[in-house]
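my_file-v6.txt follows (compact mmCIF, C-alpha atoms and all ligand atoms):
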# COMPACT_ATOMS: atom_id res chain seq x y z
CA MET A 1 110.61 85.96 107.60
CA LYS A 2 106.85 86.60 107.84
CA ALA A 3 104.68 85.51 104.91
CA TRP A 4 101.06 84.83 103.99
CA ILE A 5 100.61 81.24 102.87
CA ILE A 6 97.82 78.85 101.97
CA ASP A 7 98.14 75.10 102.57
CA ARG A 8 95.11 74.33 100.41
CA PHE A 9 92.69 76.18 98.15
CA GLY A 10 89.68 77.90 99.71
CA GLY A 11 88.20 81.08 101.17
CA ARG A 12 89.93 83.92 103.00
CA GLU A 13 90.06 81.76 106.14
CA GLU A 14 92.78 79.69 104.42
CA LEU A 15 95.19 82.67 104.48
CA ARG A 16 97.75 81.99 107.23
CA PHE A 17 100.31 84.54 108.50
CA THR A 18 103.37 82.53 109.43
CA ASP A 19 107.17 82.32 109.67
CA LEU A 20 109.13 80.87 106.76
CA PRO A 21 112.88 80.51 106.27
CA GLU A 22 114.45 83.33 104.26
CA PRO A 23 114.80 82.25 100.61
CA ASP A 24 118.18 81.01 99.34
CA ILE A 25 119.63 83.09 96.52
CA GLY A 26 120.25 81.00 93.41
CA GLU A 27 122.70 81.64 90.60
CA GLY A 28 121.70 84.77 88.67
CA GLU A 29 119.17 85.79 91.34
CA VAL A 30 118.68 88.79 93.58
CA LEU A 31 117.30 88.71 97.11
CA VAL A 32 114.82 91.56 97.68
CA ARG A 33 113.45 92.86 100.99
CA ILE A 34 109.85 93.68 100.07
CA ARG A 35 108.43 97.09 101.07
CA ALA A 36 105.02 96.90 99.35
CA VAL A 37 102.95 94.21 97.62
CA GLY A 38 100.43 94.78 94.83
CA VAL A 39 97.16 92.87 95.30
CA ASN A 40 95.38 91.73 92.14
CA PRO A 41 92.11 89.85 91.43
CA VAL A 42 94.20 86.86 90.29
CA ASP A 43 95.46 86.46 93.89
CA TRP A 44 92.04 85.54 95.30
CA LYS A 45 91.23 83.48 92.20
CA ILE A 46 94.41 81.44 92.80
CA ARG A 47 93.57 81.21 96.53
CA GLU A 48 90.13 79.80 95.67
CA GLY A 49 91.67 77.22 93.29
CA MET A 50 89.89 78.71 90.27
CA LEU A 51 93.12 78.63 88.23
CA LYS A 52 94.56 75.38 89.54
CA ASP A 53 94.43 73.67 86.15
CA LEU A 54 96.13 76.61 84.46
CA PHE A 55 99.16 77.11 86.71
CA PRO A 56 101.29 74.39 88.33
CA HIS A 57 101.46 74.99 92.08
CA GLU A 58 103.23 73.60 95.11
CA PHE A 59 101.85 73.94 98.67
CA PRO A 60 102.45 75.78 100.85
CA VAL A 61 101.77 78.57 98.35
CA VAL A 62 102.93 82.12 99.09
CA LEU A 63 100.48 84.18 97.02
CA GLY A 64 101.27 87.36 95.10
CA TRP A 65 102.92 88.47 91.88
CA ASP A 66 103.63 92.19 92.41
CA MET A 67 106.22 93.79 94.63
CA ALA A 68 108.56 96.74 95.21
CA GLY A 69 111.53 96.55 97.55
CA VAL A 70 115.26 96.89 98.23
CA VAL A 71 117.95 94.53 96.93
CA GLU A 72 119.53 92.88 99.98
CA ALA A 73 122.04 90.56 98.26
CA VAL A 74 122.92 89.25 94.81
CA GLY A 75 123.70 85.67 93.77
CA TYR A 76 126.61 84.29 91.80
CA SER A 77 126.81 85.79 88.27
CA ALA A 78 124.00 88.32 88.92
CA ARG A 79 125.51 91.63 87.85
CA ARG A 80 122.75 94.17 87.10
CA PHE A 81 121.94 95.13 90.71
CA LYS A 82 123.75 95.82 93.97
CA PRO A 83 122.56 95.80 97.58
CA GLY A 84 120.52 98.92 98.31
CA ASP A 85 119.06 99.25 94.79
CA GLU A 86 115.32 100.04 94.84
CA VAL A 87 113.47 97.73 92.45
CA PHE A 88 110.07 96.38 91.48
CA ALA A 89 108.84 93.33 89.59
CA TYR A 90 105.98 91.33 88.15
CA ALA A 91 107.19 88.12 89.77
CA ARG A 92 105.08 85.40 88.14
CA ARG A 93 107.19 82.24 88.16
CA PRO A 94 106.54 78.95 86.29
CA ILE A 95 105.36 77.26 89.52
CA ILE A 96 103.13 79.05 92.01
CA HIS A 97 105.00 78.63 95.28
CA ASN A 98 107.24 81.56 96.31
CA GLY A 99 105.10 84.66 95.78
CA THR A 100 105.36 88.26 96.93
CA TYR A 101 103.14 88.15 100.08
CA ALA A 102 106.36 87.83 102.10
CA GLU A 103 109.09 89.94 103.67
CA MET A 104 111.71 88.60 101.23
CA ILE A 105 111.81 87.08 97.77
CA ALA A 106 114.60 85.65 95.59
CA LEU A 107 114.08 86.27 91.87
CA PRO A 108 116.09 85.88 88.67
CA GLU A 109 117.50 89.36 88.03
CA SER A 110 115.85 89.30 84.60
CA TYR A 111 112.47 89.77 86.37
CA VAL A 112 113.55 92.89 88.21
CA THR A 113 114.12 96.52 87.28
CA HIS A 114 114.62 99.89 89.00
CA ARG A 115 111.37 101.28 90.43
CA PRO A 116 110.11 104.72 89.36
CA ALA A 117 112.19 107.45 90.98
CA GLY A 118 110.15 109.59 93.36
CA ALA A 119 107.13 107.23 93.56
CA THR A 120 106.11 105.86 96.96
CA TRP A 121 106.68 102.17 97.70
CA GLU A 122 102.93 101.64 97.53
CA ALA A 123 102.56 103.37 94.15
CA SER A 124 105.52 101.36 92.82
CA ALA A 125 104.05 98.01 93.90
CA ALA A 126 100.72 98.92 92.26
CA ILE A 127 102.29 99.14 88.82
CA PRO A 128 103.82 95.92 87.48
CA LEU A 129 100.98 93.44 86.80
CA ALA A 130 98.21 95.95 85.99
CA GLY A 131 100.56 98.31 84.14
CA LEU A 132 102.03 95.55 81.98
CA THR A 133 98.58 94.12 81.25
CA ALA A 134 97.35 97.52 80.05
CA PHE A 135 100.57 98.15 78.09
CA GLN A 136 100.45 94.79 76.29
CA SER A 137 96.71 95.17 75.59
CA VAL A 138 96.63 98.78 74.40
CA PHE A 139 99.94 98.96 72.51
CA ASP A 140 100.89 95.37 71.53
CA ALA A 141 97.59 93.54 70.92
CA GLY A 142 95.41 96.66 70.51
CA GLN A 143 97.82 98.50 68.19
CA LEU A 144 96.18 101.74 69.30
CA GLY A 145 97.51 104.82 67.52
CA SER A 146 97.07 108.53 67.16
CA GLY A 147 93.66 109.64 65.88
CA GLN A 148 92.01 106.31 66.77
CA THR A 149 89.19 105.68 69.24
CA VAL A 150 88.94 103.21 72.13
CA LEU A 151 86.24 102.06 74.55
CA ILE A 152 87.67 100.68 77.80
CA LEU A 153 85.30 98.40 79.74
CA GLY A 154 86.14 98.53 83.46
CA ALA A 155 88.14 101.75 83.06
CA SER A 156 88.17 102.57 86.80
CA GLY A 157 89.84 99.33 87.93
CA GLY A 158 93.54 98.55 88.29
CA VAL A 159 94.18 97.68 84.65
CA GLY A 160 91.68 100.24 83.33
CA SER A 161 93.38 103.10 85.23
CA PHE A 162 96.61 102.39 83.31
CA ALA A 163 94.83 101.63 80.02
CA VAL A 164 93.05 105.01 79.94
CA GLN A 165 96.37 106.83 80.40
CA PHE A 166 98.28 104.68 77.87
CA ALA A 167 95.50 105.25 75.34
CA LYS A 168 95.81 109.01 75.86
CA ILE A 169 99.61 108.73 75.46
CA SER A 170 99.00 106.96 72.12
CA GLY A 171 96.97 109.98 70.97
CA ALA A 172 93.60 108.20 70.89
CA THR A 173 90.16 109.45 71.92
CA VAL A 174 89.20 107.48 75.03
CA ILE A 175 85.74 106.49 76.26
CA GLY A 176 85.67 104.79 79.67
CA LEU A 177 82.92 102.50 80.97
CA ALA A 178 82.44 102.43 84.77
CA GLY A 179 79.76 103.02 87.40
CA LYS A 180 78.55 106.61 87.70
CA GLY A 181 80.34 107.04 91.03
CA ASN A 182 83.66 106.55 89.23
CA HIS A 183 83.10 109.04 86.40
CA GLY A 184 84.88 111.84 88.29
CA TYR A 185 87.87 109.50 88.75
CA LEU A 186 87.86 108.65 85.02
CA GLU A 187 88.03 112.38 84.26
CA THR A 188 91.16 112.70 86.43
CA LEU A 189 92.69 109.87 84.36
CA GLY A 190 91.95 111.82 81.16
CA VAL A 191 88.94 110.16 79.48
CA ASP A 192 87.22 112.16 76.76
CA ALA A 193 83.83 110.75 77.84
CA ALA A 194 82.53 108.33 80.48
CA LEU A 195 79.64 105.88 80.11
CA ASP A 196 77.71 104.06 82.83
CA TYR A 197 77.53 100.26 82.67
CA THR A 198 74.21 100.23 84.53
CA ASP A 199 72.65 102.11 81.60
CA PRO A 200 71.28 99.37 79.27
CA GLU A 201 71.58 101.85 76.42
CA PHE A 202 75.29 102.64 76.80
CA PRO A 203 76.05 101.31 73.27
CA GLU A 204 73.55 103.84 71.88
CA ALA A 205 75.20 106.57 73.98
CA LEU A 206 78.58 105.55 72.51
CA GLU A 207 77.13 105.67 68.98
CA ARG A 208 76.05 109.28 69.61
CA ILE A 209 79.63 110.19 70.67
CA ILE A 210 81.47 108.16 68.01
CA PRO A 211 79.13 107.35 65.09
CA GLY A 212 80.05 104.03 63.48
CA GLY A 213 81.87 102.73 66.59
CA VAL A 214 85.39 102.67 68.03
CA ASP A 215 88.59 101.22 66.53
CA LEU A 216 89.36 99.26 69.69
CA VAL A 217 87.22 97.78 72.47
CA PHE A 218 89.40 96.83 75.45
CA ASP A 219 87.58 94.52 77.88
CA CYS A 220 88.71 94.42 81.53
CA ILE A 221 85.35 93.20 82.92
CA GLY A 222 83.68 90.41 80.88
CA GLY A 223 80.03 89.36 81.21
CA ALA A 224 77.20 91.62 80.09
CA SER A 225 79.49 94.67 79.72
CA LEU A 226 81.68 92.70 77.29
CA GLU A 227 78.66 91.45 75.34
CA MET A 228 77.24 94.97 74.99
CA GLY A 229 80.66 96.59 74.58
CA SER A 230 81.57 94.31 71.68
CA ARG A 231 78.69 95.93 69.77
CA CYS A 232 80.50 99.29 70.08
CA GLY A 233 83.43 98.36 67.81
CA LYS A 234 83.42 99.53 64.23
CA SER A 235 83.47 96.95 61.47
CA GLY A 236 87.10 95.90 60.88
CA GLY A 237 88.10 97.11 64.37
CA ARG A 238 89.56 95.07 67.22
CA LEU A 239 88.40 93.51 70.49
CA VAL A 240 91.07 92.80 73.12
CA SER A 241 89.96 90.94 76.24
CA ILE A 242 91.88 90.11 79.41
CA THR A 243 88.90 88.32 81.00
CA ASP A 244 87.52 85.92 78.41
CA PRO A 245 89.62 83.81 76.03
CA GLU A 246 86.37 82.60 74.43
CA ALA A 247 85.15 86.06 73.38
CA GLY A 248 86.27 85.46 69.78
CA ASN A 249 82.69 84.56 68.81
CA LEU A 250 81.42 87.93 70.08
CA ALA A 251 84.16 89.66 68.10
CA GLU A 252 83.35 87.69 64.98
CA SER A 253 79.66 88.51 65.05
CA ALA A 254 80.55 92.20 65.45
CA GLY A 255 83.07 92.05 62.57
CA LEU A 256 86.05 92.64 64.89
CA GLY A 257 89.47 91.00 65.09
CA PHE A 258 90.12 89.34 68.47
CA HIS A 259 93.04 88.97 70.88
CA PHE A 260 93.06 87.51 74.37
CA VAL A 261 95.99 88.88 76.37
CA PHE A 262 97.59 87.04 79.26
CA VAL A 263 100.18 89.38 80.74
CA GLU A 264 103.85 88.44 80.49
CA PRO A 265 106.73 89.69 82.65
CA ASN A 266 108.66 92.33 80.66
CA VAL A 267 111.21 94.60 82.32
CA ARG A 268 111.79 96.71 79.19
CA GLN A 269 108.11 97.66 79.22
CA LEU A 270 108.34 98.41 82.96
CA ASP A 271 111.23 100.76 82.16
CA THR A 272 109.08 102.47 79.51
CA ILE A 273 106.28 102.86 82.09
CA CYS A 274 108.79 104.44 84.55
CA GLY A 275 109.75 106.84 81.75
CA TYR A 276 106.10 107.91 81.33
CA ILE A 277 105.91 108.61 85.08
CA HIS A 278 109.20 110.52 84.99
CA ASP A 279 107.94 112.65 82.08
CA GLY A 280 104.64 113.39 83.85
CA GLN A 281 102.56 111.52 81.24
CA LEU A 282 101.38 108.81 83.67
CA ALA A 283 100.20 109.02 87.28
CA PRO A 284 100.04 105.87 89.42
CA PRO A 285 96.38 104.93 89.99
CA GLU A 286 94.45 105.77 93.14
CA THR A 287 95.56 103.16 95.66
CA GLN A 288 93.95 101.75 98.79
CA VAL A 289 96.71 100.74 101.21
CA PHE A 290 96.33 97.93 103.77
CA ASP A 291 98.94 96.91 106.33
CA PHE A 292 100.79 93.71 105.40
CA THR A 293 99.11 91.98 108.35
CA ASP A 294 95.66 92.77 106.85
CA ALA A 295 95.85 90.63 103.68
CA PRO A 296 92.44 88.98 104.35
CA ALA A 297 90.77 92.43 104.47
CA ALA A 298 92.55 93.39 101.24
CA HIS A 299 91.20 90.21 99.60
CA GLU A 300 87.70 90.98 100.89
CA GLN A 301 87.85 94.40 99.20
CA MET A 302 89.33 92.98 95.96
CA GLU A 303 86.64 90.30 95.79
CA THR A 304 83.89 92.95 95.66
CA GLY A 305 84.84 93.65 92.02
CA HIS A 306 84.25 97.35 92.76
CA THR A 307 87.70 98.59 93.71
CA ARG A 308 88.71 101.95 92.26
CA GLY A 309 92.34 101.84 91.11
CA LYS A 310 94.61 99.48 93.01
CA ILE A 311 95.05 97.72 96.36
CA VAL A 312 98.47 97.43 98.00
CA LEU A 313 99.83 95.83 101.18
CA SER A 314 102.43 97.99 102.91
CA LEU A 315 105.41 96.58 104.84
CA SER A 316 106.90 100.04 105.39
CA SER A 317 105.55 100.76 108.89
N1 LIG B 401 94.53 88.29 81.34
C1 LIG B 401 95.37 88.96 82.13
O1 LIG B 401 96.59 88.93 81.97
C2 LIG B 401 94.81 89.78 83.27
C3 LIG B 401 95.66 90.68 83.94
C4 LIG B 401 95.11 91.49 84.93
C5 LIG B 401 93.75 91.36 85.29
N2 LIG B 401 92.99 90.43 84.66
C6 LIG B 401 91.56 90.30 84.98
O2 LIG B 401 90.93 91.49 84.49
C7 LIG B 401 89.89 91.89 85.37
C8 LIG B 401 90.13 93.32 85.79
O3 LIG B 401 91.26 93.40 86.63
P1 LIG B 401 91.47 94.72 87.51
O4 LIG B 401 92.65 94.50 88.38
O5 LIG B 401 91.42 95.91 86.66
O6 LIG B 401 90.11 94.61 88.40
P2 LIG B 401 89.49 95.54 89.42
O7 LIG B 401 90.48 96.59 89.77
O8 LIG B 401 88.94 94.71 90.49
O9 LIG B 401 88.25 96.24 88.61
C9 LIG B 401 87.24 96.79 89.36
C10 LIG B 401 86.62 97.98 88.63
O10 LIG B 401 85.72 97.51 87.64
C11 LIG B 401 84.55 98.33 87.65
N3 LIG B 401 83.41 97.53 87.24
C12 LIG B 401 82.77 96.56 87.94
N4 LIG B 401 81.79 96.01 87.20
C13 LIG B 401 81.81 96.66 86.00
C14 LIG B 401 81.05 96.53 84.80
N5 LIG B 401 80.07 95.63 84.69
N6 LIG B 401 81.36 97.33 83.75
C15 LIG B 401 82.35 98.23 83.83
N7 LIG B 401 83.11 98.42 84.95
C16 LIG B 401 82.84 97.62 86.02
C17 LIG B 401 84.43 98.78 89.08
O11 LIG B 401 83.78 100.04 89.08
P3 LIG B 401 82.41 100.25 89.88
O12 LIG B 401 82.79 100.35 91.34
O13 LIG B 401 81.92 101.54 89.31
O14 LIG B 401 81.52 99.07 89.63
C18 LIG B 401 85.86 98.85 89.59
O15 LIG B 401 86.39 100.16 89.57
C19 LIG B 401 89.86 90.85 86.49
O16 LIG B 401 88.92 89.85 86.15
C20 LIG B 401 91.27 90.26 86.46
O17 LIG B 401 91.33 88.95 87.00
C21 LIG B 401 93.48 89.65 83.65
What does the file become when written as structure tokens?
Amino acid sequence: MKAWIIDRFGGREELRFTDLPEPDIGEGEVLVRIRAVGVNPVDWKIREGMLKDLFPHEFPVVLGWDMAGVVEAVGYSARRFKPGDEVFAYARRPIIHNGTYAEMIALPESYVTHRPAGATWEASAAIPLAGLTAFQSVFDAGQLGSGQTVLILGASGGVGSFAVQFAKISGATVIGLAGKGNHGYLETLGVDAALDYTDPEFPEALERIIPGGVDLVFDCIGGASLEMGSRCGKSGGRLVSITDPEAGNLAESAGLGFHFVFVEPNVRQLDTICGYIHDGQLAPPETQVFDFTDAPAAHEQMETGHTRGKIVLSLSS
């Protein structure tokens, strides 16, 4: 099978398109023929070696944690799926080695669930990692509920696109922070108001919309936006960050509770997300599709930090 591997950490030039043996199916596993691969910022950060002390890895590394595809075969004792089933997964394994930038992957069936009916392969592959991150941040850590208010920093990115919609599903008033060029996109996602991160007075603008500050600040961006955004929470509110585990001090000085979320695989939550799509409450984010053979170009775009919605590699052609 074809796969993108790296033999060592480094720049995009380390990405190598090569032939690998098809994976063996272990006990309790399913073998999936991949049709689309979700690309996430963590992929290039792993490629660069920025996370090498956090995750055990074994070279050659096949990158990638998101995929949608068709079950080709099932291993001994695997009983939830049959060949031909259309599935998707957030496929983060304990050791970074056999990722989703490949034509096939073998995964424990507990990682896999049926993909959303009617969605394209590309839209399906865009969901797992970003969708679960937003779900676990907004609902689990953020405890957002009806009548509450939330400021989402980086609302036009992959995670933010889901977070805005989950926050609306919860019944909250949603303020999104993104560049001006993305404010029209935020409106399509359902924000009640959009703020511009290049405006040094965006906290004052927020104060005019929601006097006293928001119940929840959800940070998908870090840096100066996080520092300024943390001042937008109301005393006794919450700050949830997916970018900075050390942001507890910012939360404390603003009188906010703090959670850092690192996304976990969770097929029950993926099923709930499929239900939202089925009911018309959630639309998959805008997605930029690259051919599977163009992974370096997809990384180049992801590394800009200015991608609207998601990036996906397609194996469907
Ligand atoms: N902890 C976890 O489990 C976890 C999970 C997923 C992701 N992450 C991390 O969370 C971050 C976001 O991931 P993502 O996939 O959503 O990224 P992304 O899609 O690359 O986010 C890009 C978006 O952020 C906007 N943006 C850029 N600078 C901004 C700023 N200063 N303030 C507000 N918005 C800004 C961009 O809009 P403009 O074009 O308008 O600038 C763009 O639409 C990444 O660092 C990623 O590694 C962590």
What are the nearest atom pairs, with distances in Å to one decimal, for all residues of chain A that come at most 7 Å from ligand LIG 401 (chain B), using only C-alpha atoms and all ligand atoms, set out by chain and rising residue number as a tab-separated table?
residue	atom	partner	partner_atom	distance
A:Asn40	CA	B:LIG401	O4	5.4
A:Pro41	CA	B:LIG401	O17	4.6
A:Val42	CA	B:LIG401	O17	4.8
A:Leu129	CA	B:LIG401	C4	6.5
A:Ala130	CA	B:LIG401	C4	5.5
A:Thr133	CA	B:LIG401	C3	5.3
A:Leu153	CA	B:LIG401	C15	5.0
A:Gly154	CA	B:LIG401	N7	3.4
A:Ala155	CA	B:LIG401	N7	6.3
A:Ser156	CA	B:LIG401	O15	4.1
A:Gly157	CA	B:LIG401	O7	3.4
A:Gly158	CA	B:LIG401	O5	3.8
A:Val159	CA	B:LIG401	O5	3.8
A:Gly160	CA	B:LIG401	O5	5.5
A:Leu177	CA	B:LIG401	C15	5.2
A:Ala178	CA	B:LIG401	N7	4.1
A:Gly179	CA	B:LIG401	O13	3.2
A:Lys180	CA	B:LIG401	O13	6.3
A:Gly181	CA	B:LIG401	O13	6.0
A:Asn182	CA	B:LIG401	O13	5.3
A:Tyr197	CA	B:LIG401	N6	4.9
A:Cys220	CA	B:LIG401	C8	4.6
A:Ile221	CA	B:LIG401	C7	5.3
A:Ala224	CA	B:LIG401	N5	6.7
A:Ser225	CA	B:LIG401	N5	5.1
A:Ile242	CA	B:LIG401	N1	3.7
A:Thr243	CA	B:LIG401	O2	5.1
A:Val261	CA	B:LIG401	N1	5.2
A:Phe262	CA	B:LIG401	O1	3.5
A:Val263	CA	B:LIG401	O1	3.8
A:Met302	CA	B:LIG401	O8	5.8
A:Gly305	CA	B:LIG401	O8	4.5
A:His306	CA	B:LIG401	O12	3.6
A:Thr307	CA	B:LIG401	C18	4.5
A:Arg308	CA	B:LIG401	O15	4.0
A:Gly309	CA	B:LIG401	O7	5.7
A:Lys310	CA	B:LIG401	O7	6.0
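For the pair atom CA of A:Ser161 and atom CA of A:Leu144, the interatomic distance is 16.2 Å.
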Using the file's own x, y and z axes, so that the box edges lie along x, y and z, what centre and edge lengths in Å (one decimal) does a box around every listed atom of stretch 256-265 of chain A get when 4 Å is added on each side? Give it as JSON.
{"center_x": 96.4, "center_y": 89.8, "center_z": 73.8, "size_x": 28.7, "size_y": 13.6, "size_z": 25.8}
Write out as a ChimeraX atom specification each polymer residue whose atoms come within 10 Å of A:Phe290, counting all atoms listed in the file; drop sequence neighbours fewer than 4 positions from it.
/A:36-37,39,122,294-298,311-315
Atoms to include: C-alpha atoms. Write the selected residues as an mmCIF file, in the frame of the given file.
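Here's the written file selection.cif:
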data_model
loop_
_atom_site.group_PDB
_atom_site.id
_atom_site.type_symbol
_atom_site.label_atom_id
_atom_site.label_comp_id
_atom_site.auth_asym_id
_atom_site.auth_seq_id
_atom_site.Cartn_x
_atom_site.Cartn_y
_atom_site.Cartn_z
ATOM 1 C CA ALA A 36 105.020 96.900 99.350
ATOM 2 C CA VAL A 37 102.950 94.210 97.620
ATOM 3 C CA VAL A 39 97.160 92.870 95.300
ATOM 4 C CA GLU A 122 102.930 101.640 97.530
ATOM 5 C CA ASP A 294 95.660 92.770 106.850
ATOM 6 C CA ALA A 295 95.850 90.630 103.680
ATOM 7 C CA PRO A 296 92.440 88.980 104.350
ATOM 8 C CA ALA A 297 90.770 92.430 104.470
ATOM 9 C CA ALA A 298 92.550 93.390 101.240
ATOM 10 C CA ILE A 311 95.050 97.720 96.360
ATOM 11 C CA VAL A 312 98.470 97.430 98.000
ATOM 12 C CA LEU A 313 99.830 95.830 101.180
ATOM 13 C CA SER A 314 102.430 97.990 102.910
ATOM 14 C CA LEU A 315 105.410 96.580 104.840
#
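Straight-line separation from atom CA of A:Phe260 to atom CA of A:Pro245: 5.3 Å.
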Hey, which of A:Glu201, A:Ala125, A:Ala106, A:Met1 ends up closest to A:Gly75? Count all atoms listed in the file.
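Closest candidate: A:Ala106.
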Would you mind telling me which residue in A:Glu204, A:Asp24, A:Glu72, A:Glu14 lies nearest to A:Gly49 when using all atoms listed in the file?
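Result for the nearest residue to A:Gly49: A:Glu14.
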Would you pick out the contacts of A:His259 at 10 Å or less, using only C-alpha atoms, so that residues sharing its chain but fewer than 2 positions from it are not included, and give the list as a list of chain:residue names?
A:Ser137, A:Ala141, A:Gly142, A:Phe218, A:Arg238, A:Leu239, A:Val240, A:Ser241, A:Ile242, A:Asp244, A:Pro245, A:Glu246, A:Ala247, A:Gly248, A:Ala251, A:Leu256, A:Gly257, A:Val261, A:Phe262
Min atom-atom distance to A:Thr198 from the set A:Val267, A:Ile25, A:Met228, A:Leu151, counting all atoms listed in the file, belongs to A:Met228
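Excluding A:Phe9 and any residue on its chain fewer than 2 positions from it, the residues at most 7 Å away by only C-alpha atoms are Ile6, Arg47, Glu48 and Gly49 of chain A.
The residue that comes closest to A:Asn266, out of A:Trp4, A:Phe17, A:Tyr111, A:Phe55 and on the basis of all atoms listed in the file, is A:Tyr111.
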Expressed in Å to a single decimal, how great is the separation between atom CA of A:Gln136 and atom CA of A:Gly99?
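Taking atom CA of A:Gln136 and atom CA of A:Gly99, their separation equals 22.5 Å.
Nearest residue to A:Gln269, choosing from A:Gly28, A:Pro211, A:Gly131, A:Gly229 and counting all atoms listed in the file: A:Gly131.
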Hey, which of A:Thr113, A:Thr173, A:Thr293, A:Thr120 ends up closest to A:Ile152? Count only C-alpha atoms.
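Smallest separation from A:Ile152 among the options: A:Thr173.
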Nearby residues (all atoms listed in the file) at most 12 Å from A:Lys168, same-chain spacing under 5 positions excluded, as a list in words
Val138, Phe139, Leu144, Gly145, Ser146, Gly147, Gln148, Thr149, Val150, Leu151, Ile152, Ser161, Phe162, Ala163, Thr173, Val174, Ile175, Gly176, Glu187, Leu189, Gly190, Val191, Asp192, Tyr276, Gln281 and Leu282 of chain A
Could you write out the selected residues, including C-alpha atoms, as a PDB file, in the frame of the given file?
ATOM      1  CA  VAL A 138      96.630  98.780  74.400  1.00  0.00           C
ATOM      2  CA  PHE A 139      99.940  98.960  72.510  1.00  0.00           C
ATOM      3  CA  LEU A 144      96.180 101.740  69.300  1.00  0.00           C
ATOM      4  CA  GLY A 145      97.510 104.820  67.520  1.00  0.00           C
ATOM      5  CA  SER A 146      97.070 108.530  67.160  1.00  0.00           C
ATOM      6  CA  GLY A 147      93.660 109.640  65.880  1.00  0.00           C
ATOM      7  CA  GLN A 148      92.010 106.310  66.770  1.00  0.00           C
ATOM      8  CA  THR A 149      89.190 105.680  69.240  1.00  0.00           C
ATOM      9  CA  VAL A 150      88.940 103.210  72.130  1.00  0.00           C
ATOM     10  CA  LEU A 151      86.240 102.060  74.550  1.00  0.00           C
ATOM     11  CA  ILE A 152      87.670 100.680  77.800  1.00  0.00           C
ATOM     12  CA  SER A 161      93.380 103.100  85.230  1.00  0.00           C
ATOM     13  CA  PHE A 162      96.610 102.390  83.310  1.00  0.00           C
ATOM     14  CA  ALA A 163      94.830 101.630  80.020  1.00  0.00           C
ATOM     15  CA  THR A 173      90.160 109.450  71.920  1.00  0.00           C
ATOM     16  CA  VAL A 174      89.200 107.480  75.030  1.00  0.00           C
ATOM     17  CA  ILE A 175      85.740 106.490  76.260  1.00  0.00           C
ATOM     18  CA  GLY A 176      85.670 104.790  79.670  1.00  0.00           C
ATOM     19  CA  GLU A 187      88.030 112.380  84.260  1.00  0.00           C
ATOM     20  CA  LEU A 189      92.690 109.870  84.360  1.00  0.00           C
ATOM     21  CA  GLY A 190      91.950 111.820  81.160  1.00  0.00           C
ATOM     22  CA  VAL A 191      88.940 110.160  79.480  1.00  0.00           C
ATOM     23  CA  ASP A 192      87.220 112.160  76.760  1.00  0.00           C
ATOM     24  CA  TYR A 276     106.100 107.910  81.330  1.00  0.00           C
ATOM     25  CA  GLN A 281     102.560 111.520  81.240  1.00  0.00           C
ATOM     26  CA  LEU A 282     101.380 108.810  83.670  1.00  0.00           C
TER      27      LEU A 282
END
Contact residues around stretch 92-96 of chain A with all atoms listed in the file at 10 Å, ignoring same-chain residues under 4 positions, as a list of chain:residue names:
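These residues fall inside the cut-off: A:Ile46, A:Lys52, A:Phe55, A:Pro56, A:His57, A:Glu58, A:Phe59, A:Pro60, A:Val61, A:Val62, A:Leu63, A:Gly64, A:Trp65, A:Asp66, A:Thr100, A:Leu107, A:Pro108, A:Tyr111, A:Leu129, A:Val263, A:Glu264, A:Pro265.
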Got time to write the residues from that selection, C-alpha atoms, as a PDB file, keeping the file's coordinate frame?
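Saved the output as result25.pdb:
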ATOM      1  CA  ILE A  46      94.410  81.440  92.800  1.00  0.00           C
ATOM      2  CA  LYS A  52      94.560  75.380  89.540  1.00  0.00           C
ATOM      3  CA  PHE A  55      99.160  77.110  86.710  1.00  0.00           C
ATOM      4  CA  PRO A  56     101.290  74.390  88.330  1.00  0.00           C
ATOM      5  CA  HIS A  57     101.460  74.990  92.080  1.00  0.00           C
ATOM      6  CA  GLU A  58     103.230  73.600  95.110  1.00  0.00           C
ATOM      7  CA  PHE A  59     101.850  73.940  98.670  1.00  0.00           C
ATOM      8  CA  PRO A  60     102.450  75.780 100.850  1.00  0.00           C
ATOM      9  CA  VAL A  61     101.770  78.570  98.350  1.00  0.00           C
ATOM     10  CA  VAL A  62     102.930  82.120  99.090  1.00  0.00           C
ATOM     11  CA  LEU A  63     100.480  84.180  97.020  1.00  0.00           C
ATOM     12  CA  GLY A  64     101.270  87.360  95.100  1.00  0.00           C
ATOM     13  CA  TRP A  65     102.920  88.470  91.880  1.00  0.00           C
ATOM     14  CA  ASP A  66     103.630  92.190  92.410  1.00  0.00           C
ATOM     15  CA  THR A 100     105.360  88.260  96.930  1.00  0.00           C
ATOM     16  CA  LEU A 107     114.080  86.270  91.870  1.00  0.00           C
ATOM     17  CA  PRO A 108     116.090  85.880  88.670  1.00  0.00           C
ATOM     18  CA  TYR A 111     112.470  89.770  86.370  1.00  0.00           C
ATOM     19  CA  LEU A 129     100.980  93.440  86.800  1.00  0.00           C
ATOM     20  CA  VAL A 263     100.180  89.380  80.740  1.00  0.00           C
ATOM     21  CA  GLU A 264     103.850  88.440  80.490  1.00  0.00           C
ATOM     22  CA  PRO A 265     106.730  89.690  82.650  1.00  0.00           C
TER      23      PRO A 265
END
